[in-house]
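*Asks:* I'm passing along work-v5.cif; it holds mmCIF, C-alpha atoms.
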data_protein
#
loop_
_atom_site.label_atom_id
_atom_site.label_comp_id
_atom_site.auth_asym_id
_atom_site.auth_seq_id
_atom_site.Cartn_x
_atom_site.Cartn_y
_atom_site.Cartn_z
CA GLN A 20 83.47 197.29 95.43
CA VAL A 21 83.75 198.71 98.92
CA GLN A 22 87.12 200.02 99.96
CA LEU A 23 88.40 201.65 103.10
CA VAL A 24 91.72 203.41 102.70
CA GLU A 25 93.72 204.70 105.64
CA SER A 26 96.24 207.52 105.37
CA GLY A 27 98.34 209.64 107.66
CA GLY A 28 100.63 207.02 109.09
CA GLY A 29 104.34 207.55 109.46
CA ARG A 30 107.05 208.19 111.98
CA VAL A 31 106.51 210.59 114.86
CA GLN A 32 108.48 211.46 117.94
CA ALA A 33 107.25 210.51 121.38
CA GLY A 34 105.07 213.25 122.76
CA GLY A 35 104.01 214.32 119.30
CA SER A 36 100.72 214.16 117.44
CA ARG A 37 99.44 212.51 114.30
CA LYS A 38 96.12 212.45 112.51
CA LEU A 39 94.93 209.39 110.65
CA SER A 40 92.18 209.44 108.05
CA CYS A 41 90.05 206.69 106.60
CA THR A 42 88.07 207.26 103.43
CA ALA A 43 85.45 204.85 102.22
CA SER A 44 84.36 204.28 98.66
CA GLY A 45 81.89 201.99 96.97
CA ARG A 46 79.00 202.83 99.26
CA THR A 47 78.02 205.38 101.83
CA PHE A 48 78.46 204.77 105.52
CA THR A 49 76.30 207.49 106.96
CA SER A 50 74.41 204.96 109.08
CA ALA A 51 77.42 202.88 110.08
CA ALA A 52 79.53 202.83 113.18
CA MET A 53 83.17 203.50 112.42
CA GLY A 54 86.12 202.31 114.38
CA TRP A 55 89.88 202.18 114.68
CA PHE A 56 91.87 199.17 115.82
CA ARG A 57 95.60 198.59 116.00
CA ARG A 58 98.08 195.76 116.09
CA ALA A 59 101.42 196.33 117.73
CA PRO A 60 104.38 194.10 116.80
CA GLY A 61 103.93 190.69 118.36
CA LYS A 62 100.53 191.50 119.85
CA GLU A 63 96.89 190.88 119.10
CA ARG A 64 94.83 193.51 117.37
CA GLU A 65 93.19 195.76 119.93
CA PHE A 66 90.36 198.26 119.97
CA VAL A 67 91.35 201.93 119.83
CA ALA A 68 88.26 204.04 119.24
CA ALA A 69 84.79 204.02 117.73
CA ILE A 70 82.05 206.47 116.84
CA ASN A 71 78.38 205.91 116.09
CA TRP A 72 76.66 207.06 112.94
CA THR A 73 75.56 210.44 114.30
CA GLY A 74 78.90 211.20 115.90
CA ALA A 75 77.16 211.72 119.23
CA GLU A 76 78.57 208.60 120.85
CA THR A 77 82.24 207.69 121.06
CA ASN A 78 84.16 204.95 122.78
CA TYR A 79 87.88 204.61 123.50
CA GLY A 80 90.25 201.93 124.59
CA ASN A 81 91.71 202.47 128.03
CA SER A 82 95.25 202.93 126.73
CA VAL A 83 94.29 205.88 124.50
CA LYS A 84 91.54 207.53 126.49
CA GLY A 85 92.21 211.24 126.92
CA ARG A 86 94.88 211.26 124.20
CA PHE A 87 93.06 210.14 121.03
CA THR A 88 89.94 211.64 119.46
CA ILE A 89 87.78 210.01 116.83
CA SER A 90 85.58 212.04 114.53
CA ARG A 91 83.75 211.65 111.26
CA ASP A 92 82.62 213.65 108.26
CA ASN A 93 79.68 211.84 106.69
CA ALA A 94 79.61 214.19 103.72
CA LYS A 95 83.10 213.01 102.82
CA ASN A 96 82.58 209.38 103.84
CA THR A 97 85.66 209.85 105.96
CA TRP A 98 86.56 209.43 109.58
CA TYR A 99 89.58 210.49 111.54
CA LEU A 100 91.73 209.56 114.48
CA GLN A 101 93.56 212.47 116.06
CA MET A 102 96.38 211.11 118.20
CA ALA A 103 98.17 213.25 120.74
CA ASN A 104 100.88 212.75 123.33
CA LEU A 105 102.04 209.63 121.52
CA ASN A 106 104.29 207.16 123.30
CA LEU A 107 106.36 204.19 122.20
CA GLU A 108 103.52 201.79 123.01
CA ASP A 109 101.38 203.45 120.35
CA THR A 110 103.63 202.04 117.63
CA ALA A 111 101.37 199.78 115.59
CA ASP A 112 99.53 199.19 112.36
CA TYR A 113 96.25 201.08 112.57
CA TYR A 114 93.15 199.75 110.87
CA CYS A 115 89.86 201.51 110.23
CA ALA A 116 86.61 199.61 110.15
CA ALA A 117 82.95 200.24 109.38
CA GLY A 118 79.89 198.32 110.45
CA HIS A 119 76.15 198.71 109.94
CA ARG A 120 74.82 196.17 112.42
CA PHE A 121 75.40 198.43 115.41
CA GLY A 122 75.47 201.82 113.76
CA GLY A 123 73.68 203.45 116.69
CA ILE A 124 76.45 202.68 119.13
CA ALA A 125 80.24 202.73 119.10
CA PRO A 126 81.19 199.07 119.39
CA ASP A 127 84.59 197.93 120.60
CA THR A 128 84.58 194.39 119.20
CA GLU A 129 85.90 193.34 115.82
CA ASP A 130 82.85 191.28 114.94
CA ALA A 131 80.72 194.45 114.90
CA TYR A 132 82.51 195.60 111.75
CA GLU A 133 82.17 194.08 108.31
CA TYR A 134 84.46 196.36 106.34
CA TRP A 135 88.16 196.85 107.04
CA GLY A 136 91.01 198.87 105.63
CA GLN A 137 94.46 197.53 104.88
CA GLY A 138 96.13 199.45 107.67
CA THR A 139 98.59 202.28 108.02
CA GLN A 140 101.74 202.10 110.11
CA VAL A 141 102.54 204.51 112.90
CA ILE A 142 106.00 204.39 114.42
CA VAL A 143 106.67 206.39 117.54
CA SER A 144 110.34 206.99 118.23
CA SER A 145 112.12 208.42 121.23
#
Go ahead and render the structure in this file as structure tokens.

*Replies:*
Amino acid sequence: QVQLVESGGGRVQAGGSRKLSCTASGRTFTSAAMGWFRRAPGKEREFVAAINWTGAETNYGNSVKGRFTISRDNAKNTWYLQMANLNLEDTADYYCAAGHRFGGIAPDTEDAYEYWGQGTQVIVSS
């Protein structure tokens, strides 16, 4: 059974940093693209960041570009989202995702990913 488990969520002050992790089990994802999405209260889920299977290609949503960094450790079947300079609009449930269909790129659409985590909540307070 494949599972993706996010960790690292919590409450953080505006301007602060937080690092999310997503660990996969049940299969390896060394050839998969990995991504992060988020859903803010009352909003649709939106793309945050993605990374291809080699780690050489990354992609970011406009609202997080320059503040968030995605990375991966294939040996640990884990990928990360380092978030910096957080603001109130970053408050959301964050979901990690993995997909093999487009492993060579860093896709920004939900349908590129077949495996999803349950989400971890990040609350940014002033």

*Asks:* Would you mind listing what lies within 8 Å of segment 98-102 of chain A as a list in words, with all atoms listed in the file counted and same-chain residues fewer than 4 positions away left out?

*Replies:*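 Everything that qualifies: Ser36, Arg37, Lys38, Leu39, Ser40, Cys41, Thr42, Met53, Trp55, Arg86, Phe87, Thr88, Ile89, Ser90, Arg91, Asp92 and Asn93 of chain A.
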
*Asks:* Write out as JSON, numbers by chain which residues come within 6 Å of segment 111-116 of chain A when counting only C-alpha atoms, dropping same-chain ones fewer than 6 positions away.

*Replies:* {"A": [53, 54, 55, 56, 57, 58, 59, 132, 134, 135, 136, 138, 139, 140, 141]}

*Asks:* Mind dumping a table of every segment 62-129 of chain A residue within 10 Å of segment 31-34 of chain A, with the nearest atom pair and its distance in Å to one decimal, using all atoms listed in the file, sorted by chain and rising number, as JSON lines?

*Replies:*
{"residue": "A:Ala103", "atom": "CA", "partner": "A:Gly34", "partner_atom": "CA", "distance": 7.2}
{"residue": "A:Asn104", "atom": "CA", "partner": "A:Gly34", "partner_atom": "CA", "distance": 4.3}
{"residue": "A:Leu105", "atom": "CA", "partner": "A:Gly34", "partner_atom": "CA", "distance": 4.9}
{"residue": "A:Asn106", "atom": "CA", "partner": "A:Ala33", "partner_atom": "CA", "distance": 4.9}
{"residue": "A:Leu107", "atom": "CA", "partner": "A:Ala33", "partner_atom": "CA", "distance": 6.4}
{"residue": "A:Glu108", "atom": "CA", "partner": "A:Ala33", "partner_atom": "CA", "distance": 9.6}
{"residue": "A:Asp109", "atom": "CA", "partner": "A:Ala33", "partner_atom": "CA", "distance": 9.2}
{"residue": "A:Thr110", "atom": "CA", "partner": "A:Val31", "partner_atom": "CA", "distance": 9.4}

*Asks:* Tell me, in Å to one decimal, how far atom CA of Ala117 of chain A is from atom CA of Val67 of chain A.

*Replies:*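 These two atoms are separated by 13.5 Å.
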
*Asks:* Name the closest residue to Thr97 of chain A among the candidates A:Ala69, A:Ala75, A:Val24, A:Ala43; distances are taken between atoms, counting all atoms listed in the file.

*Replies:* A:Ala43

*Asks:* Which residue, A:Gly35, A:Pro60, A:Gly29, A:Gly45, has the smallest gap to Ser145 of chain A when you use only C-alpha atoms?

*Replies:*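 Looking at the shortest contact to Ser145 of chain A, the residue is A:Gly35.
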
*Asks:* Which one of A:Ile142, A:Ala94, A:Ala51, A:Ile70 sits closest to Arg120 of chain A if you count all atoms listed in the file?

*Replies:*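 Looking only at the distances to Arg120 of chain A, the closest residue turns out to be A:Ala51.
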
*Asks:* Check which residues satisfy the PyMOL selection byres ((chain A and resi 78) around 6) in the file shown, then give them as number ranges by chain.

*Replies:* A: 68-69, 77, 79, 125

*Asks:* Taking only C-alpha atoms into account, name the residue in A:Ser144, A:Asn81, A:Asn71, A:Gln137 that is nearest to Ile124 of chain A.

*Replies:*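 Answer, going by the shortest atom-to-atom distance: A:Asn71.
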
*Asks:* Under the rule that only C-alpha atoms are counted, which of A:Asn96, A:Thr73, A:Asp127, A:Val143 is the nearest residue to Val21 of chain A?

*Replies:* A:Asn96

*Asks:* Rounded to one decimal place, report the atom CA of Thr49 of chain A-atom CA of Gly122 of chain A distance in Å.

*Replies:*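 Interatomic distance here is 8.9 Å.
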
*Asks:* So the first atom is atom CA of Phe48 of chain A and the second is atom CA of Glu65 of chain A; what is the distance between them in Å, to one decimal place?

*Replies:*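 Calculated distance between atom CA of Phe48 of chain A and atom CA of Glu65 of chain A is 22.5 Å.
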
*Asks:* Identify which of the residues A:Glu129, A:Trp72, A:Ser82, A:Glu25 lies closest to Thr47 of chain A, counting only C-alpha atoms when measuring atom-to-atom distances.

*Replies:*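 For Thr47 of chain A, the nearest of the candidates is A:Trp72.
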
*Asks:* Edge lengths and centre, in Å to one decimal, as lines of an AutoDock Vina configuration file: that's what I need for the box along x, y and z that holds all listed atoms of segment 43-53 of chain A plus 8 Å on each side.

*Replies:*
center_x = 79.9
center_y = 204.7
center_z = 105.1
size_x = 27.0
size_y = 21.5
size_z = 32.2

*Asks:* Missing atoms in segment 56-84 of chain A should be modelled up to N, CA and C atoms and reported as a PDB file, in the coordinates of the input.

*Replies:*
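The file below, out.pdb, is the result:
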ATOM      1  N   PHE A  56      91.200 200.220 115.063  1.00  0.00           N
ATOM      2  CA  PHE A  56      91.870 199.170 115.820  1.00  0.00           C
ATOM      3  C   PHE A  56      93.355 199.259 115.495  1.00  0.00           C
ATOM      4  N   ARG A  57      94.165 198.599 116.289  1.00  0.00           N
ATOM      5  CA  ARG A  57      95.600 198.590 116.000  1.00  0.00           C
ATOM      6  C   ARG A  57      96.214 197.270 116.410  1.00  0.00           C
ATOM      7  N   ARG A  58      97.311 196.948 115.729  1.00  0.00           N
ATOM      8  CA  ARG A  58      98.080 195.760 116.090  1.00  0.00           C
ATOM      9  C   ARG A  58      99.529 196.165 116.238  1.00  0.00           C
ATOM     10  N   ALA A  59     100.012 196.052 117.447  1.00  0.00           N
ATOM     11  CA  ALA A  59     101.420 196.330 117.730  1.00  0.00           C
ATOM     12  C   ALA A  59     102.250 195.096 117.386  1.00  0.00           C
ATOM     13  N   PRO A  60     103.536 195.252 117.128  1.00  0.00           N
ATOM     14  CA  PRO A  60     104.380 194.100 116.800  1.00  0.00           C
ATOM     15  C   PRO A  60     104.303 193.016 117.865  1.00  0.00           C
ATOM     16  N   GLY A  61     103.977 191.814 117.445  1.00  0.00           N
ATOM     17  CA  GLY A  61     103.930 190.690 118.360  1.00  0.00           C
ATOM     18  C   GLY A  61     102.706 190.628 119.243  1.00  0.00           C
ATOM     19  N   LYS A  62     101.723 191.474 119.000  1.00  0.00           N
ATOM     20  CA  LYS A  62     100.530 191.500 119.850  1.00  0.00           C
ATOM     21  C   LYS A  62      99.269 191.281 119.027  1.00  0.00           C
ATOM     22  N   GLU A  63      98.189 191.019 119.751  1.00  0.00           N
ATOM     23  CA  GLU A  63      96.890 190.880 119.100  1.00  0.00           C
ATOM     24  C   GLU A  63      96.365 192.254 118.705  1.00  0.00           C
ATOM     25  N   ARG A  64      95.458 192.244 117.742  1.00  0.00           N
ATOM     26  CA  ARG A  64      94.830 193.510 117.370  1.00  0.00           C
ATOM     27  C   ARG A  64      93.930 193.961 118.517  1.00  0.00           C
ATOM     28  N   GLU A  65      93.961 195.251 118.813  1.00  0.00           N
ATOM     29  CA  GLU A  65      93.190 195.760 119.930  1.00  0.00           C
ATOM     30  C   GLU A  65      92.340 196.957 119.489  1.00  0.00           C
ATOM     31  N   PHE A  66      91.273 197.159 120.224  1.00  0.00           N
ATOM     32  CA  PHE A  66      90.360 198.260 119.970  1.00  0.00           C
ATOM     33  C   PHE A  66      91.013 199.581 120.377  1.00  0.00           C
ATOM     34  N   VAL A  67      90.821 200.600 119.541  1.00  0.00           N
ATOM     35  CA  VAL A  67      91.350 201.930 119.830  1.00  0.00           C
ATOM     36  C   VAL A  67      90.217 202.916 120.084  1.00  0.00           C
ATOM     37  N   ALA A  68      89.322 203.047 119.111  1.00  0.00           N
ATOM     38  CA  ALA A  68      88.260 204.040 119.240  1.00  0.00           C
ATOM     39  C   ALA A  68      87.131 203.715 118.271  1.00  0.00           C
ATOM     40  N   ALA A  69      85.946 204.207 118.600  1.00  0.00           N
ATOM     41  CA  ALA A  69      84.790 204.020 117.730  1.00  0.00           C
ATOM     42  C   ALA A  69      83.856 205.202 117.866  1.00  0.00           C
ATOM     43  N   ILE A  70      83.014 205.365 116.850  1.00  0.00           N
ATOM     44  CA  ILE A  70      82.050 206.470 116.840  1.00  0.00           C
ATOM     45  C   ILE A  70      80.771 205.973 116.176  1.00  0.00           C
ATOM     46  N   ASN A  71      79.638 206.374 116.696  1.00  0.00           N
ATOM     47  CA  ASN A  71      78.380 205.910 116.090  1.00  0.00           C
ATOM     48  C   ASN A  71      78.038 206.769 114.877  1.00  0.00           C
ATOM     49  N   TRP A  72      76.934 206.437 114.227  1.00  0.00           N
ATOM     50  CA  TRP A  72      76.660 207.060 112.940  1.00  0.00           C
ATOM     51  C   TRP A  72      76.365 208.542 113.037  1.00  0.00           C
ATOM     52  N   THR A  73      75.848 209.000 114.166  1.00  0.00           N
ATOM     53  CA  THR A  73      75.560 210.440 114.300  1.00  0.00           C
ATOM     54  C   THR A  73      76.782 211.221 114.754  1.00  0.00           C
ATOM     55  N   GLY A  74      77.747 210.518 115.309  1.00  0.00           N
ATOM     56  CA  GLY A  74      78.900 211.200 115.900  1.00  0.00           C
ATOM     57  C   GLY A  74      78.676 211.582 117.351  1.00  0.00           C
ATOM     58  N   ALA A  75      77.478 211.309 117.862  1.00  0.00           N
ATOM     59  CA  ALA A  75      77.160 211.720 119.230  1.00  0.00           C
ATOM     60  C   ALA A  75      77.748 210.786 120.281  1.00  0.00           C
ATOM     61  N   GLU A  76      78.037 209.568 119.886  1.00  0.00           N
ATOM     62  CA  GLU A  76      78.570 208.600 120.850  1.00  0.00           C
ATOM     63  C   GLU A  76      79.952 208.134 120.411  1.00  0.00           C
ATOM     64  N   THR A  77      80.887 208.172 121.329  1.00  0.00           N
ATOM     65  CA  THR A  77      82.240 207.690 121.060  1.00  0.00           C
ATOM     66  C   THR A  77      82.662 206.734 122.157  1.00  0.00           C
ATOM     67  N   ASN A  78      83.680 205.966 121.848  1.00  0.00           N
ATOM     68  CA  ASN A  78      84.160 204.950 122.780  1.00  0.00           C
ATOM     69  C   ASN A  78      85.660 204.814 122.549  1.00  0.00           C
ATOM     70  N   TYR A  79      86.430 204.663 123.625  1.00  0.00           N
ATOM     71  CA  TYR A  79      87.880 204.610 123.500  1.00  0.00           C
ATOM     72  C   TYR A  79      88.450 203.459 124.318  1.00  0.00           C
ATOM     73  N   GLY A  80      89.519 202.899 123.819  1.00  0.00           N
ATOM     74  CA  GLY A  80      90.250 201.930 124.590  1.00  0.00           C
ATOM     75  C   GLY A  80      90.948 202.613 125.753  1.00  0.00           C
ATOM     76  N   ASN A  81      91.148 201.864 126.821  1.00  0.00           N
ATOM     77  CA  ASN A  81      91.710 202.470 128.030  1.00  0.00           C
ATOM     78  C   ASN A  81      93.091 203.076 127.793  1.00  0.00           C
ATOM     79  N   SER A  82      93.872 202.472 126.919  1.00  0.00           N
ATOM     80  CA  SER A  82      95.250 202.930 126.730  1.00  0.00           C
ATOM     81  C   SER A  82      95.334 204.253 125.948  1.00  0.00           C
ATOM     82  N   VAL A  83      94.251 204.652 125.304  1.00  0.00           N
ATOM     83  CA  VAL A  83      94.290 205.880 124.500  1.00  0.00           C
ATOM     84  C   VAL A  83      93.335 206.945 125.003  1.00  0.00           C
ATOM     85  N   LYS A  84      92.542 206.592 125.986  1.00  0.00           N
ATOM     86  CA  LYS A  84      91.540 207.530 126.490  1.00  0.00           C
ATOM     87  C   LYS A  84      92.205 208.822 126.965  1.00  0.00           C
TER      88      LYS A  84
END
